[in-house]
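One structure is given here, and the rest of the page talks about it.
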Amino acid sequence: MLSYLLKRLASGFLVLFGVVSVVFFLFNILPGDAAQMTLGQRSDIASLEAVTKELGLDQPMYKQYLLYLNDLSPLSLHNYTSEEQNKYGFTALVPLGSNRWLCAKAPYLRRSYQSRQTVNQIIASALPGTAILALSAMLIATFFGLLLGGIAALFAQTWVDRAAVSLSIVGISAPSYFASILIAYLFGFVWQRYTGLSMTGSLYEVDAFAGRSLALQNLILPAITLGIRPLAIIVQLSRNTFLEVLSQDYVRTARAKGLSEWQVMQRHVLRNALGPVVTAISGWFASLLAGAVFVEYIFGWKGLGKVTVDALMKFDLPVVMGAVLFIAVAFILINILVDLMYAWLDPRIRLQ
């Protein structure tokens with residue numbers, strides 16, 4: 001298992017290196033003056049030259065790329081003195097002469113052109129909102145997807161089965177932006193007096209008198225909207241998997257022993273049918289972290305998606321690049337965890 005984990009981590013590192021390279025060169029060939037965007041419209045030539053030098057934009061492209069890798073790497077080279085290393089959170093490991101050190105640090109995603117905040121801080125502040133939204137959507141999709149898929153499998157070839165499949169097809173076919181607009185308009189505006197829900201809002205609301213307060217009701221509509229497509233996928237996948245497992249000999253043996261349908265589903269069908277479903281759930285959870293852009297923007301939910309859209313509109317490239325790299329890391333780690341979960345869910349699988 002340890003050998004397999006190390007191999008998966010190595011392949012994940014190679015994938016991440018490719019993503020870093022593509023993201024860097026893709027965003028750096030786009031038009032735009034980073035120094036100008038950092039200083040704003042009112043800036044003199046001396047200030048522009050100073051910021052250009054500070055950002056390393058006066059260097060050739062390959063040197064900028066190496067500097068970017070140096071910023072991202074947990075082990076990097078820096079010319080700071082020991083006082084500056086403590087100030088910037090570096091841990092000096094090996095002196096290399098002339099105040100040059102091999103340092104250990106957290107990956108540095110640089111600073112926003114607009115707010116001058118570090119991208120690490122921006123992502124850290126936006127991530128809890130996206131994580132809570134994606135987790136809520138995935139819980140809704142998983143619970144109702146497995147429930148409807150199991151019911152459809154038990155009542156196969158009946159109107160119940162056809163209704164569940166038809167609804168899942170509608171859910172798959174509905175684009176996120178269309179579903180977001182429709183649900184926000186109907187439940188947050190037209191039927192607002194019945195639902196008590198608003199069209200927009202984040203996890204926390206700030207009142208001038210009451211201060212910051214938790215607003216879980218704002219989570220309902222975006223979580224349901226974001227969970228529609230994975231729910232539809234899970235319904236169809238779990239139905240087909242349940243039908244395949246229900247046709248196995250050990251299920252017929254369990255029924256012949258007098259076990260009820262609930263006991264058969266719980267003890268013999270569910271665990272053996274969860275392998276493909278877990279893959280779909282994990283893949284969709286990683287996708288929801290990346291694909292919540294439309295939902296967050298339309299519902300005004302403060303999260304990684306909304307921050308990324310706002311950064312794109314302002315051409316704030318470090319924020320966009322940092323968000324893309326974070327999502328890539330999330331995909332890689334989740335896929336590794338899924339591969340390890342397979343062995344636990346299905347004892348027939350052996351990692352060699």
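Order determines the names: the first chain of the structure tokens is A, the second B, and so forth; residues in each chain are numbered 1 upward, and ligands are numbered 1 upward as they are shown.
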Tell me, as an NGL selection string, which residues lie within 8 Å of Leu127 of chain A, counting only C-alpha atoms; anything in the same chain fewer than 4 positions away does not count. :A and (123 or 131 or 303-304)
With only C-alpha atoms as the counted atoms, please give the residues lying no more than 12 Å from Ala328 of chain A, apart from itself and same-chain residues fewer than 2 positions off, as a list of chain:residue names.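 In the requested format, the answer is A:Gly12, A:Phe13, A:Leu14, A:Val15, A:Leu16, A:Phe17, A:Gly18, A:Val19, A:Val20, A:Val22, A:Val23, A:Ala286, A:Ser287, A:Leu289, A:Ala290, A:Met321, A:Gly322, A:Ala323, A:Val324, A:Leu325, A:Phe326, A:Ala330, A:Phe331, A:Ile332, A:Leu333, A:Ile334, A:Asn335.
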Go ahead and save the residues from that selection, with C-alpha atoms, as an mmCIF file, in the first residue's frame.
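Below is the file selection_31.cif, written as the result:
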data_model
loop_
_atom_site.group_PDB
_atom_site.id
_atom_site.type_symbol
_atom_site.label_atom_id
_atom_site.label_comp_id
_atom_site.auth_asym_id
_atom_site.auth_seq_id
_atom_site.Cartn_x
_atom_site.Cartn_y
_atom_site.Cartn_z
ATOM 1 C CA GLY A 12 0.296 13.466 -9.045
ATOM 2 C CA PHE A 13 3.388 15.652 -8.706
ATOM 3 C CA LEU A 14 4.108 15.293 -12.431
ATOM 4 C CA VAL A 15 0.531 16.250 -13.272
ATOM 5 C CA LEU A 16 0.750 19.267 -10.974
ATOM 6 C CA PHE A 17 4.050 20.321 -12.552
ATOM 7 C CA GLY A 18 2.393 20.213 -15.971
ATOM 8 C CA VAL A 19 -0.547 22.278 -14.708
ATOM 9 C CA VAL A 20 1.807 24.866 -13.175
ATOM 10 C CA VAL A 22 0.612 25.497 -18.606
ATOM 11 C CA VAL A 23 -1.002 28.015 -16.243
ATOM 12 C CA ALA A 286 -13.638 17.913 -6.880
ATOM 13 C CA SER A 287 -15.611 19.284 -9.831
ATOM 14 C CA LEU A 289 -14.983 22.947 -5.948
ATOM 15 C CA ALA A 290 -14.099 24.156 -9.441
ATOM 16 C CA MET A 321 -3.617 31.442 -11.313
ATOM 17 C CA GLY A 322 -3.645 30.651 -7.595
ATOM 18 C CA ALA A 323 -7.272 29.478 -7.735
ATOM 19 C CA VAL A 324 -6.562 27.238 -10.730
ATOM 20 C CA LEU A 325 -3.535 25.669 -9.029
ATOM 21 C CA PHE A 326 -5.468 25.101 -5.815
ATOM 22 C CA ALA A 330 -7.685 19.315 -4.861
ATOM 23 C CA PHE A 331 -8.368 17.103 -7.911
ATOM 24 C CA ILE A 332 -5.100 15.205 -7.498
ATOM 25 C CA LEU A 333 -5.488 14.603 -3.750
ATOM 26 C CA ILE A 334 -9.123 13.532 -4.042
ATOM 27 C CA ASN A 335 -8.303 11.064 -6.833
#
Please indicate the distance in Å from atom CA of Val295 of chain A to atom CA of Thr225 of chain A, rounded to one decimal place. 7.3 Å
From a DSSP pass on the backbone, collect the residues of segment 91-300 of chain A flagged as strand (DSSP E) and hand them back as a VMD selection string. chain A and resid 91 to 95 101 to 104 204 to 207 211 to 214
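Among A:Leu5, A:Ala106, A:Leu246, A:Leu77, the residue with the shortest atom-to-atom distance to Val338 of chain A, counting only C-alpha atoms, is A:Leu5.
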Which of these, A:Ala10, A:Leu167, A:Ala126, A:Leu337, has the shortest distance to Thr308 of chain A once you count only C-alpha atoms?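 Comparing A:Ala10, A:Leu167, A:Ala126, A:Leu337 against Thr308 of chain A, the winner is A:Ala126.
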Counting only C-alpha atoms, which residue out of A:Met341, A:Ala256, A:Ile336, A:Ala184 sits closest to Leu9 of chain A? A:Ile336
